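**Q** Enclosed is the structure file data.pdb (PDB, C-alpha atoms).
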```pdb
ATOM      1  CA  MET A   1     -23.145  15.930  32.681  1.00  0.00           C
ATOM      2  CA  GLN A   2     -20.309  13.475  33.333  1.00  0.00           C
ATOM      3  CA  ALA A   3     -22.769  11.037  34.883  1.00  0.00           C
ATOM      4  CA  SER A   4     -24.974  10.994  31.762  1.00  0.00           C
ATOM      5  CA  PRO A   5     -25.029   7.463  30.253  1.00  0.00           C
ATOM      6  CA  LYS A   6     -25.287   8.997  26.765  1.00  0.00           C
ATOM      7  CA  VAL A   7     -22.143  11.061  27.267  1.00  0.00           C
ATOM      8  CA  ARG A   8     -20.303   8.062  28.712  1.00  0.00           C
ATOM      9  CA  ARG A   9     -21.239   5.919  25.715  1.00  0.00           C
ATOM     10  CA  LEU A  10     -20.091   8.565  23.244  1.00  0.00           C
ATOM     11  CA  VAL A  11     -16.853   9.170  25.126  1.00  0.00           C
ATOM     12  CA  SER A  12     -16.196   5.438  25.191  1.00  0.00           C
ATOM     13  CA  LEU A  13     -16.727   5.150  21.410  1.00  0.00           C
ATOM     14  CA  LEU A  14     -14.617   8.186  20.519  1.00  0.00           C
ATOM     15  CA  SER A  15     -11.827   7.017  22.836  1.00  0.00           C
ATOM     16  CA  ARG A  16     -11.330   4.000  20.569  1.00  0.00           C
ATOM     17  CA  LEU A  17     -10.007   6.269  17.819  1.00  0.00           C
ATOM     18  CA  PRO A  18      -6.196   6.514  17.476  1.00  0.00           C
ATOM     19  CA  GLY A  19      -4.743   9.421  19.463  1.00  0.00           C
ATOM     20  CA  VAL A  20      -8.027  10.256  21.177  1.00  0.00           C
ATOM     21  CA  GLY A  21      -7.970   9.913  24.952  1.00  0.00           C
ATOM     22  CA  GLU A  22     -10.891  10.124  27.335  1.00  0.00           C
ATOM     23  CA  LYS A  23     -10.484  13.866  27.992  1.00  0.00           C
ATOM     24  CA  THR A  24     -10.269  14.689  24.290  1.00  0.00           C
ATOM     25  CA  ALA A  25     -13.288  12.511  23.560  1.00  0.00           C
ATOM     26  CA  GLN A  26     -15.225  14.301  26.278  1.00  0.00           C
ATOM     27  CA  ARG A  27     -14.353  17.685  24.745  1.00  0.00           C
ATOM     28  CA  TYR A  28     -15.596  16.467  21.358  1.00  0.00           C
ATOM     29  CA  VAL A  29     -18.897  15.318  22.838  1.00  0.00           C
ATOM     30  CA  LEU A  30     -19.493  18.545  24.754  1.00  0.00           C
ATOM     31  CA  HIS A  31     -18.562  20.625  21.713  1.00  0.00           C
ATOM     32  CA  LEU A  32     -21.032  18.745  19.509  1.00  0.00           C
ATOM     33  CA  LEU A  33     -23.665  19.145  22.208  1.00  0.00           C
ATOM     34  CA  THR A  34     -23.281  22.929  22.360  1.00  0.00           C
ATOM     35  CA  THR A  35     -22.742  23.695  18.670  1.00  0.00           C
ATOM     36  CA  ASP A  36     -25.192  23.677  15.736  1.00  0.00           C
ATOM     37  CA  PRO A  37     -27.156  20.377  15.951  1.00  0.00           C
ATOM     38  CA  GLN A  38     -26.795  19.983  12.183  1.00  0.00           C
ATOM     39  CA  VAL A  39     -23.057  19.367  12.622  1.00  0.00           C
ATOM     40  CA  ALA A  40     -23.729  16.279  14.747  1.00  0.00           C
ATOM     41  CA  LYS A  41     -26.402  15.090  12.301  1.00  0.00           C
ATOM     42  CA  ASP A  42     -24.080  15.485   9.295  1.00  0.00           C
ATOM     43  CA  LEU A  43     -21.241  13.758  11.122  1.00  0.00           C
ATOM     44  CA  GLY A  44     -23.503  10.876  12.127  1.00  0.00           C
ATOM     45  CA  HIS A  45     -24.763  10.462   8.563  1.00  0.00           C
ATOM     46  CA  GLU A  46     -21.271  10.423   7.046  1.00  0.00           C
ATOM     47  CA  LEU A  47     -20.024   7.934   9.624  1.00  0.00           C
ATOM     48  CA  GLY A  48     -23.088   5.749   9.121  1.00  0.00           C
ATOM     49  CA  THR A  49     -22.490   5.456   5.365  1.00  0.00           C
ATOM     50  CA  LEU A  50     -18.688   5.184   5.611  1.00  0.00           C
ATOM     51  CA  HIS A  51     -18.429   1.497   4.699  1.00  0.00           C
ATOM     52  CA  GLU A  52     -21.076   1.721   1.981  1.00  0.00           C
ATOM     53  CA  GLU A  53     -19.517   4.693   0.168  1.00  0.00           C
ATOM     54  CA  LEU A  54     -15.802   3.977   0.597  1.00  0.00           C
ATOM     55  CA  ARG A  55     -13.877   0.841  -0.385  1.00  0.00           C
ATOM     56  CA  PRO A  56     -10.237  -0.027  -1.121  1.00  0.00           C
ATOM     57  CA  CYS A  57      -9.172   0.686  -4.693  1.00  0.00           C
ATOM     58  CA  GLU A  58      -8.965  -2.599  -6.620  1.00  0.00           C
ATOM     59  CA  ARG A  59      -5.680  -1.592  -8.277  1.00  0.00           C
ATOM     60  CA  CYS A  60      -3.640   0.070  -5.560  1.00  0.00           C
ATOM     61  CA  GLY A  61      -5.387  -0.299  -2.190  1.00  0.00           C
ATOM     62  CA  ASN A  62      -5.994   3.427  -1.695  1.00  0.00           C
ATOM     63  CA  VAL A  63      -9.328   4.650  -0.370  1.00  0.00           C
ATOM     64  CA  ALA A  64     -11.815   4.923  -3.243  1.00  0.00           C
ATOM     65  CA  GLU A  65     -15.315   6.348  -3.363  1.00  0.00           C
ATOM     66  CA  VAL A  66     -17.992   3.953  -4.578  1.00  0.00           C
ATOM     67  CA  PRO A  67     -19.886   5.424  -7.561  1.00  0.00           C
ATOM     68  CA  SER A  68     -23.611   5.821  -7.109  1.00  0.00           C
ATOM     69  CA  GLY A  69     -25.484   2.735  -8.261  1.00  0.00           C
ATOM     70  CA  SER A  70     -22.496   0.404  -7.980  1.00  0.00           C
ATOM     71  CA  LEU A  71     -22.999  -3.147  -6.746  1.00  0.00           C
ATOM     72  CA  ASP A  72     -20.853  -5.007  -4.218  1.00  0.00           C
ATOM     73  CA  GLY A  73     -18.930  -6.895  -6.901  1.00  0.00           C
ATOM     74  CA  ASP A  74     -18.215  -3.882  -9.105  1.00  0.00           C
ATOM     75  CA  GLU A  75     -14.585  -2.773  -9.432  1.00  0.00           C
ATOM     76  CA  VAL A  76     -13.771   0.468  -7.646  1.00  0.00           C
ATOM     77  CA  SER A  77     -10.808   2.692  -8.555  1.00  0.00           C
ATOM     78  CA  CYS A  78      -9.418   5.735  -6.743  1.00  0.00           C
ATOM     79  CA  ASP A  79      -8.834   9.172  -8.261  1.00  0.00           C
ATOM     80  CA  ILE A  80      -5.090   8.550  -8.584  1.00  0.00           C
ATOM     81  CA  CYS A  81      -5.484   5.343 -10.584  1.00  0.00           C
ATOM     82  CA  THR A  82      -8.000   6.956 -12.933  1.00  0.00           C
ATOM     83  CA  ASP A  83      -5.958  10.142 -13.459  1.00  0.00           C
ATOM     84  CA  SER A  84      -4.675   9.958 -17.043  1.00  0.00           C
ATOM     85  CA  LYS A  85      -2.016  12.594 -16.272  1.00  0.00           C
ATOM     86  CA  ARG A  86      -0.206  10.224 -13.906  1.00  0.00           C
ATOM     87  CA  ASP A  87       2.882   8.366 -15.101  1.00  0.00           C
ATOM     88  CA  SER A  88       1.887   4.689 -15.003  1.00  0.00           C
ATOM     89  CA  SER A  89       5.502   3.595 -15.502  1.00  0.00           C
ATOM     90  CA  LEU A  90       6.431   5.046 -12.080  1.00  0.00           C
ATOM     91  CA  LEU A  91       5.048   3.052  -9.165  1.00  0.00           C
ATOM     92  CA  CYS A  92       5.519   3.912  -5.484  1.00  0.00           C
ATOM     93  CA  VAL A  93       5.098   1.139  -2.909  1.00  0.00           C
ATOM     94  CA  VAL A  94       3.914   2.192   0.552  1.00  0.00           C
ATOM     95  CA  ALA A  95       2.917   0.281   3.662  1.00  0.00           C
ATOM     96  CA  ARG A  96      -0.331   2.087   4.459  1.00  0.00           C
ATOM     97  CA  VAL A  97      -2.798   4.568   3.009  1.00  0.00           C
ATOM     98  CA  HIS A  98      -1.564   7.089   5.627  1.00  0.00           C
ATOM     99  CA  ASP A  99       1.858   6.997   3.967  1.00  0.00           C
ATOM    100  CA  LEU A 100       0.346   7.466   0.508  1.00  0.00           C
ATOM    101  CA  MET A 101      -1.467  10.568   1.717  1.00  0.00           C
ATOM    102  CA  ALA A 102       1.714  11.943   3.300  1.00  0.00           C
ATOM    103  CA  ILE A 103       3.601  11.568   0.016  1.00  0.00           C
ATOM    104  CA  GLU A 104       0.735  13.088  -1.961  1.00  0.00           C
ATOM    105  CA  ARG A 105       0.853  16.206   0.237  1.00  0.00           C
ATOM    106  CA  THR A 106       4.349  16.928  -1.074  1.00  0.00           C
ATOM    107  CA  GLY A 107       3.186  17.167  -4.682  1.00  0.00           C
ATOM    108  CA  SER A 108       6.433  15.422  -5.689  1.00  0.00           C
ATOM    109  CA  MET A 109       5.001  12.101  -6.807  1.00  0.00           C
ATOM    110  CA  LYS A 110       3.813  12.055 -10.422  1.00  0.00           C
ATOM    111  CA  GLY A 111       3.291   8.310 -10.729  1.00  0.00           C
ATOM    112  CA  ARG A 112       0.914   5.879  -9.098  1.00  0.00           C
ATOM    113  CA  TYR A 113       0.905   3.816  -5.898  1.00  0.00           C
ATOM    114  CA  PHE A 114       0.621   0.323  -4.497  1.00  0.00           C
ATOM    115  CA  VAL A 115      -0.381  -0.116  -0.837  1.00  0.00           C
ATOM    116  CA  LEU A 116       1.007  -3.245   0.833  1.00  0.00           C
ATOM    117  CA  GLY A 117      -1.322  -2.948   3.815  1.00  0.00           C
ATOM    118  CA  ARG A 118       1.316  -4.292   6.217  1.00  0.00           C
ATOM    119  CA  LEU A 119       5.049  -4.750   6.694  1.00  0.00           C
ATOM    120  CA  LEU A 120       7.170  -7.845   7.100  1.00  0.00           C
ATOM    121  CA  SER A 121       7.221  -8.496  10.851  1.00  0.00           C
ATOM    122  CA  PRO A 122       8.159 -11.943  12.179  1.00  0.00           C
ATOM    123  CA  LEU A 123       7.395 -10.847  15.753  1.00  0.00           C
ATOM    124  CA  GLU A 124       3.785 -10.184  14.719  1.00  0.00           C
ATOM    125  CA  GLY A 125       3.559 -13.321  12.630  1.00  0.00           C
ATOM    126  CA  ILE A 126       3.642 -11.457   9.319  1.00  0.00           C
ATOM    127  CA  GLY A 127       5.813 -13.310   6.830  1.00  0.00           C
ATOM    128  CA  PRO A 128       6.373 -12.948   3.069  1.00  0.00           C
ATOM    129  CA  GLU A 129       3.251 -14.991   2.320  1.00  0.00           C
ATOM    130  CA  GLN A 130       1.103 -12.366   4.062  1.00  0.00           C
ATOM    131  CA  LEU A 131       2.297  -9.603   1.730  1.00  0.00           C
ATOM    132  CA  PRO A 132       0.611  -9.043  -1.675  1.00  0.00           C
ATOM    133  CA  ILE A 133       3.856  -9.538  -3.604  1.00  0.00           C
ATOM    134  CA  PRO A 134       2.286 -11.606  -6.453  1.00  0.00           C
ATOM    135  CA  ARG A 135      -0.303  -8.873  -7.036  1.00  0.00           C
ATOM    136  CA  LEU A 136       2.450  -6.240  -7.013  1.00  0.00           C
ATOM    137  CA  ALA A 137       4.461  -8.238  -9.554  1.00  0.00           C
ATOM    138  CA  ALA A 138       1.407  -8.511 -11.796  1.00  0.00           C
ATOM    139  CA  ARG A 139       0.846  -4.758 -11.513  1.00  0.00           C
ATOM    140  CA  ILE A 140       4.465  -4.046 -12.515  1.00  0.00           C
ATOM    141  CA  GLN A 141       4.093  -6.191 -15.629  1.00  0.00           C
ATOM    142  CA  SER A 142       0.627  -5.012 -16.662  1.00  0.00           C
ATOM    143  CA  ASP A 143       1.556  -1.322 -16.355  1.00  0.00           C
ATOM    144  CA  ALA A 144       5.034  -1.771 -17.884  1.00  0.00           C
ATOM    145  CA  VAL A 145       6.545  -0.124 -14.788  1.00  0.00           C
ATOM    146  CA  THR A 146      10.116   1.085 -15.348  1.00  0.00           C
ATOM    147  CA  GLU A 147      10.837   2.355 -11.815  1.00  0.00           C
ATOM    148  CA  LEU A 148       9.593   1.015  -8.513  1.00  0.00           C
ATOM    149  CA  ILE A 149      10.010   3.409  -5.577  1.00  0.00           C
ATOM    150  CA  ILE A 150      10.117   1.552  -2.263  1.00  0.00           C
ATOM    151  CA  ALA A 151       8.676   4.020   0.250  1.00  0.00           C
ATOM    152  CA  THR A 152       8.338   1.806   3.293  1.00  0.00           C
ATOM    153  CA  PRO A 153       9.216   3.450   6.644  1.00  0.00           C
ATOM    154  CA  PRO A 154      12.922   3.646   7.651  1.00  0.00           C
ATOM    155  CA  SER A 155      12.293   1.235  10.519  1.00  0.00           C
ATOM    156  CA  VAL A 156      13.460  -2.337  11.109  1.00  0.00           C
ATOM    157  CA  ASP A 157      10.283  -3.773   9.593  1.00  0.00           C
ATOM    158  CA  GLY A 158      10.297  -1.221   6.782  1.00  0.00           C
ATOM    159  CA  GLU A 159      13.881  -2.000   5.806  1.00  0.00           C
ATOM    160  CA  ALA A 160      13.234  -5.754   5.984  1.00  0.00           C
ATOM    161  CA  THR A 161      10.228  -5.326   3.704  1.00  0.00           C
ATOM    162  CA  ALA A 162      12.286  -3.290   1.219  1.00  0.00           C
ATOM    163  CA  LEU A 163      14.951  -5.990   1.063  1.00  0.00           C
ATOM    164  CA  LEU A 164      12.288  -8.662   0.623  1.00  0.00           C
ATOM    165  CA  LEU A 165      10.758  -6.779  -2.304  1.00  0.00           C
ATOM    166  CA  LYS A 166      14.177  -6.386  -3.899  1.00  0.00           C
ATOM    167  CA  ARG A 167      14.760 -10.131  -3.622  1.00  0.00           C
ATOM    168  CA  GLU A 168      11.314 -11.240  -4.778  1.00  0.00           C
ATOM    169  CA  LEU A 169      10.996  -8.764  -7.671  1.00  0.00           C
ATOM    170  CA  GLY A 170      14.601  -8.840  -8.854  1.00  0.00           C
ATOM    171  CA  GLU A 171      13.820 -11.013 -11.867  1.00  0.00           C
ATOM    172  CA  LEU A 172      11.370  -8.497 -13.312  1.00  0.00           C
ATOM    173  CA  GLU A 173      14.216  -6.251 -14.512  1.00  0.00           C
ATOM    174  CA  VAL A 174      12.559  -3.123 -13.127  1.00  0.00           C
ATOM    175  CA  LYS A 175      14.634  -0.311 -11.648  1.00  0.00           C
ATOM    176  CA  MET A 176      14.110  -0.263  -7.885  1.00  0.00           C
ATOM    177  CA  THR A 177      14.847   2.810  -5.768  1.00  0.00           C
ATOM    178  CA  ARG A 178      14.534   3.513  -2.049  1.00  0.00           C
ATOM    179  CA  ILE A 179      13.455   6.829  -0.553  1.00  0.00           C
ATOM    180  CA  ALA A 180      16.521   8.731   0.653  1.00  0.00           C
ATOM    181  CA  SER A 181      17.421  10.098   4.065  1.00  0.00           C
ATOM    182  CA  GLY A 182      15.379  12.941   5.401  1.00  0.00           C
ATOM    183  CA  VAL A 183      12.857  10.801   7.213  1.00  0.00           C
ATOM    184  CA  PRO A 184      14.149   9.991  10.735  1.00  0.00           C
ATOM    185  CA  HIS A 185      15.256   6.420  11.322  1.00  0.00           C
ATOM    186  CA  GLY A 186      12.587   4.543  13.189  1.00  0.00           C
ATOM    187  CA  GLY A 187      10.016   7.219  12.342  1.00  0.00           C
ATOM    188  CA  GLU A 188       6.742   6.891  10.465  1.00  0.00           C
ATOM    189  CA  ILE A 189       6.222   8.382   6.991  1.00  0.00           C
ATOM    190  CA  GLU A 190       2.732   9.446   8.038  1.00  0.00           C
ATOM    191  CA  TYR A 191       4.169  12.134  10.373  1.00  0.00           C
ATOM    192  CA  ALA A 192       6.856  13.508   8.037  1.00  0.00           C
ATOM    193  CA  ASP A 193       6.354  17.136   7.014  1.00  0.00           C
ATOM    194  CA  PRO A 194       5.945  17.887   3.269  1.00  0.00           C
ATOM    195  CA  ILE A 195       9.431  19.429   2.876  1.00  0.00           C
ATOM    196  CA  THR A 196      11.194  16.465   4.474  1.00  0.00           C
ATOM    197  CA  MET A 197       9.094  13.984   2.504  1.00  0.00           C
ATOM    198  CA  GLY A 198       9.732  15.888  -0.727  1.00  0.00           C
ATOM    199  CA  ARG A 199      13.493  15.788  -0.181  1.00  0.00           C
ATOM    200  CA  ALA A 200      13.347  12.088   0.606  1.00  0.00           C
ATOM    201  CA  LEU A 201      11.574  11.395  -2.684  1.00  0.00           C
ATOM    202  CA  ALA A 202      13.841  13.671  -4.732  1.00  0.00           C
ATOM    203  CA  GLY A 203      16.982  12.064  -3.259  1.00  0.00           C
ATOM    204  CA  ARG A 204      15.947   8.431  -3.629  1.00  0.00           C
ATOM    205  CA  GLN A 205      18.726   5.976  -4.403  1.00  0.00           C
ATOM    206  CA  ALA A 206      19.096   2.655  -6.158  1.00  0.00           C
ATOM    207  CA  LEU A 207      18.110  -0.250  -3.945  1.00  0.00           C
TER     208      LEU A 207
END
```
Translate the structure of the given file into structure tokens.
**A**
Amino acid sequence: MQASPKVRRLVSLLSRLPGVGEKTAQRYVLHLLTTDPQVAKDLGHELGTLHEELRPCERCGNVAEVPSGSLDGDEVSCDICTDSKRDSSLLCVVARVHDLMAIERTGSMKGRYFVLGRLLSPLEGIGPEQLPIPRLAARIQSDAVTELIIATPPSVDGEATALLLKRELGELEVKMTRIASGVPHGGEIEYADPITMGRALAGRQAL
């Protein structure tokens, strides 16, 4: 079975996923091979249509499902941006969609989000011009945002990004807060448990 070219190809593809090593990928392949064939067919179909049915939300950068019949140029919005019960005056800035999902799991965030997509990182060649700060500023003004929660990770790059946002958006006269302690320094928001993340949001402080 290990010598099968098909298995080797599948293991090689699955091993490219974050956190999936060769042994784990092999277990996935063998499990799919021995379970109900429909599971593999459904998985293959969903993966095959992933890029056609999911796109970044035009407003916040979250993952959004493309409505049936939509064309490539049509605007796509996520469920959070279209939820009328959300407080549009409260905007939470995160680095990645993973962080947005981690905060959502706490149930503590009643406003909306803005995904930067990256953090300020001179070592990786990411400067202020690579961050969507002008689009964020426009969002703050169009939604009449009264509080901007900076929820970047408590890492060197995350703190540098928070300070950059404070400097660049200072003239907008919007209240800026930073998520409080509770998330380990140098850690990633994505891996914070709901209780810790909830406390960090509840104890946010002025930036």
**Q** Quick one: which residues end up in the PyMOL selection byres ((chain A and resi 134-137) around 8) for this structure, as an mmCIF file with C-alpha atoms, in the coordinates of the input?
**A**
```cif
data_model
loop_
_atom_site.group_PDB
_atom_site.id
_atom_site.type_symbol
_atom_site.label_atom_id
_atom_site.label_comp_id
_atom_site.auth_asym_id
_atom_site.auth_seq_id
_atom_site.Cartn_x
_atom_site.Cartn_y
_atom_site.Cartn_z
ATOM 1 C CA PHE A 114 0.621 0.323 -4.497
ATOM 2 C CA PRO A 132 0.611 -9.043 -1.675
ATOM 3 C CA ILE A 133 3.856 -9.538 -3.604
ATOM 4 C CA ALA A 138 1.407 -8.511 -11.796
ATOM 5 C CA ARG A 139 0.846 -4.758 -11.513
ATOM 6 C CA ILE A 140 4.465 -4.046 -12.515
ATOM 7 C CA GLN A 141 4.093 -6.191 -15.629
ATOM 8 C CA LEU A 169 10.996 -8.764 -7.671
ATOM 9 C CA LEU A 172 11.370 -8.497 -13.312
#
```
**Q** Interatomic distance between atom CA of Ala95 of chain A and atom CA of Asn62 of chain A?
**A** 10.9 Å
**Q** Run the PyMOL selection byres ((chain A and resi 183-188) around 12) mentally over the shown coordinates, then write out the matched residues as JSON, numbers by chain, using the chain letters and numbers from the document.
**A** {"A": [94, 95, 96, 98, 99, 100, 102, 103, 151, 152, 153, 154, 155, 156, 157, 158, 159, 178, 179, 180, 181, 182, 189, 190, 191, 192, 193, 194, 195, 196, 197, 198, 199, 200, 201, 203, 204]}
**Q** What lies within 6 Å of Leu120 of chain A using all atoms listed in the file, ignoring chain neighbours under 4 positions off, as a list in words?
**A**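 The residues that qualify are Ile126, Gly127, Asp157 and Thr161 of chain A.
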**Q** I'd like the contact shell of segment 24-39 of chain A - 8 Å cut-off, all atoms listed in the file, skipping same-chain residues fewer than 4 positions apart - returned as a ChimeraX atom specification.
**A** /A:7,10-12,14-15,20,43
**Q** For atom CA of Pro5 of chain A and atom CA of Leu47 of chain A, determine how far apart the two atoms are, in Å to one decimal place.
**A**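 Straight-line distance from atom CA of Pro5 of chain A to atom CA of Leu47 of chain A works out to 21.2 Å.
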**Q** Could you tell me how far atom CA of Ala40 of chain A lies from atom CA of Arg9 of chain A, in Å and to one decimal?
**A**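 Between atom CA of Ala40 of chain A and atom CA of Arg9 of chain A the gap works out to 15.3 Å.
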**Q** Nearest to Ile80 of chain A: which of A:Arg112, A:Arg105, A:Lys6, A:Arg55 is it, counting all atoms listed in the file?
**A** A:Arg112
**Q** Which of these residues is nearest to Tyr113 of chain A, using all atoms listed in the file: A:Cys92, A:Leu13, A:Leu54, A:Leu207?
**A**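 Selected residue with least distance to Tyr113 of chain A: A:Cys92.
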**Q** Taking 5 positions as the minimum chain separation for residues in the same chain, which residues sit within 9 Å of Leu148 of chain A when counting only C-alpha atoms? Answer as a list in words.
**A**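 Answer for this query is Ser89, Leu90, Leu91, Cys92, Val93, Ile140, Val174, Lys175, Met176, Thr177 and Arg178 of chain A.
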